[in-house]
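Peer 1: After the C-alpha cells below, expect a handful of questions from me.
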Amino acid sequence: MNIEAFFKITYGLYIISSAFDDKLSGYVANTAFQVTADPPRFAISCSKNNYTVDIIRQSKAFAVSILKQDCSREIIGRFGYHSSADTDKFKDTKYITGRTGVPIVTDECIAWFECEVEQEITLDTHVIFIGRLVENELLDKDGDPLTYAWYHAVKKGVAPKNAPTYIKKEEEKKQEEKDKQMDTYTCDLCGYEYDPEEGDPDNGIPPGTPFEDLPDDWACPICGAGKEDFTRN
C-alpha cells in the first residue's frame, strides 16, 4: 500500500454541528460531500470516538459549514482538537439555530447546509450519516473554501487522530518504536533497574543502548541474572 497516494485525494474542511437536549456539539471534518441532486443529500463521516456521533444519532440532524480559506487557526483548533463533551465550542463562535434546532456555524465560513438524517452506515472506525437537505445559505459568494491540501501546505496543519484521513507518519512510528525500546527494565531477582539512557558502562554497554539491543549474554551487574529475568517497567 502506497500511503502517499492517499494524499492525492482532494478534500475540503468543514465544521459539522448538531444539538440535542440543549447540548451543542461540533467538530472539524474533511469528509462531507453531496451524494444526490434531486432531492439534495449530503454525507458526512464521523469517528465512533467523536462525541458528536451520539448527538447526531439523537437529534437526527446535522449542519455542514464550509470554512473559508483564510480562516483562523483558532477556529480550527477550537473545533478540531477539543471534545464537545467537556468544551463549549460555541461560546466564542458566531452561529445561528437552524430549522431542525441544530447550531449552524457562520463564523469564518462561506456557506452552510442543514440536513435531516435519513440513513446511517456503521463501519470499522467511523459512522457515515446521509442527510436530506433542509436549508442552506451562501454567506460569501466570492470567498474560497479551505481545502485539505491548503490546510497542510500553507497552514501547516495536521489531521486529528479521529479524522478518517489520519495516517501515522513514518517518523511517528519510528519514535513510538524508539520510546518502546527506551523503557527501563527491572531485575526480578535483585531489583536492579536497567536504564537505557545510562547503559552499563562498567560492562561495556554505552549510554543510549535499548534493553532489546543488549547482548544475549549480558547479565545483571548486581546478581548476574540473565535478560530473561528482567521485566519492562
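Quick note on naming: the chains in the C-alpha cells go A, B, ... in the order shown, residues restart at 1 in each chain, and ligands are numbered from 1 in order of appearance.
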Name the residues of stretch 47-218 of chain A that come out as alpha helix (DSSP H) in a backbone DSSP run; write them as an mmCIF file with C-alpha atoms, in the first residue's frame.
Peer 2:
data_model
loop_
_atom_site.group_PDB
_atom_site.id
_atom_site.type_symbol
_atom_site.label_atom_id
_atom_site.label_comp_id
_atom_site.auth_asym_id
_atom_site.auth_seq_id
_atom_site.Cartn_x
_atom_site.Cartn_y
_atom_site.Cartn_z
ATOM 1 C CA THR A 52 -20.890 14.332 18.134
ATOM 2 C CA VAL A 53 -21.817 10.864 16.833
ATOM 3 C CA ASP A 54 -24.322 10.288 19.626
ATOM 4 C CA ILE A 55 -25.636 13.841 19.356
ATOM 5 C CA ILE A 56 -26.400 13.359 15.646
ATOM 6 C CA ARG A 57 -27.997 9.975 16.331
ATOM 7 C CA GLN A 58 -30.327 11.500 18.894
ATOM 8 C CA SER A 59 -31.165 14.697 17.023
ATOM 9 C CA ARG A 73 -6.090 28.723 13.350
ATOM 10 C CA GLU A 74 -8.171 29.405 16.456
ATOM 11 C CA ILE A 75 -11.451 28.158 14.995
ATOM 12 C CA ILE A 76 -9.791 25.027 13.627
ATOM 13 C CA GLY A 77 -8.145 24.407 16.977
ATOM 14 C CA ARG A 78 -11.411 25.026 18.844
ATOM 15 C CA PHE A 79 -13.497 22.598 16.813
ATOM 16 C CA GLY A 80 -10.785 20.196 15.657
ATOM 17 C CA TYR A 148 -7.249 19.923 2.966
ATOM 18 C CA ALA A 149 -4.244 20.499 0.681
ATOM 19 C CA TRP A 150 -4.142 24.218 1.513
ATOM 20 C CA TYR A 151 -4.508 23.436 5.206
ATOM 21 C CA HIS A 152 -1.444 21.200 5.095
ATOM 22 C CA ALA A 153 0.700 23.199 2.676
ATOM 23 C CA GLU A 170 6.841 7.113 9.452
ATOM 24 C CA GLU A 171 8.581 9.460 11.897
ATOM 25 C CA GLU A 172 5.805 8.894 14.434
ATOM 26 C CA LYS A 173 6.078 5.133 14.068
ATOM 27 C CA LYS A 174 9.844 5.261 14.494
ATOM 28 C CA GLN A 175 9.517 7.487 17.551
ATOM 29 C CA GLU A 176 6.948 5.141 19.095
ATOM 30 C CA GLU A 177 9.283 2.204 18.486
ATOM 31 C CA LYS A 178 12.168 4.181 19.959
ATOM 32 C CA ASP A 179 10.115 5.104 23.016
ATOM 33 C CA LYS A 180 9.184 1.467 23.461
ATOM 34 C CA GLN A 181 12.809 0.390 23.211
#
Peer 1: Got a sec: who's within 7 Å of A:Asp229, counting only C-alpha atoms, leaving out chain neighbours fewer than 3 positions off, as a list of chain:residue names?
Peer 2: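 So the residues in contact are A:Cys187, A:Asp188, A:Ala225, A:Gly226.
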Peer 1: Restricted to C-alpha atoms, what would the selected residues look like written as a short mmCIF file (atom, residue, chain, number, x, y, z; two decimals), in the first residue's frame?
Peer 2:
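This went into part_21.cif:
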data_model
loop_
_atom_site.label_atom_id
_atom_site.label_comp_id
_atom_site.auth_asym_id
_atom_site.auth_seq_id
_atom_site.Cartn_x
_atom_site.Cartn_y
_atom_site.Cartn_z
CA CYS A 187 15.65 -7.38 37.53
CA ASP A 188 13.13 -9.77 39.07
CA ALA A 225 20.62 -12.70 36.33
CA GLY A 226 20.07 -13.02 32.57
#
Peer 1: Mind pulling up the distance from atom CA of A:Phe211 to atom CA of A:Met182?
Peer 2: 7.1 Å
Peer 1: Nearest residue to A:Glu108 out of A:Phe7, A:Tyr14, A:Phe129, A:Tyr27, using only C-alpha atoms?
Peer 2: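 The answer is A:Tyr14, which sits nearest to A:Glu108.
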Peer 1: Determine, counting only C-alpha atoms, which protein, DNA and RNA residues have an atom within 8 Å of an atom of A:Ser25; residues of the same chain fewer than 2 positions away are not included. Present the result as a VMD selection string.
Peer 2: chain A and resid 17 to 19 23 27 51 to 52 55 84 to 85 89
Peer 1: If I take atom CA of A:Ala61 and atom CA of A:Val102, how far is one from the other in Å, to one decimal?
Peer 2: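 Result for atom CA of A:Ala61 versus atom CA of A:Val102: 7.0 Å, one decimal.
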Peer 1: If we count only C-alpha atoms, what is near A:Val134 at a cut-off of 7 Å, once residues fewer than 6 positions away on the same chain are taken out, given as a PyMOL selection string?
Peer 2: chain A and resi 114-116
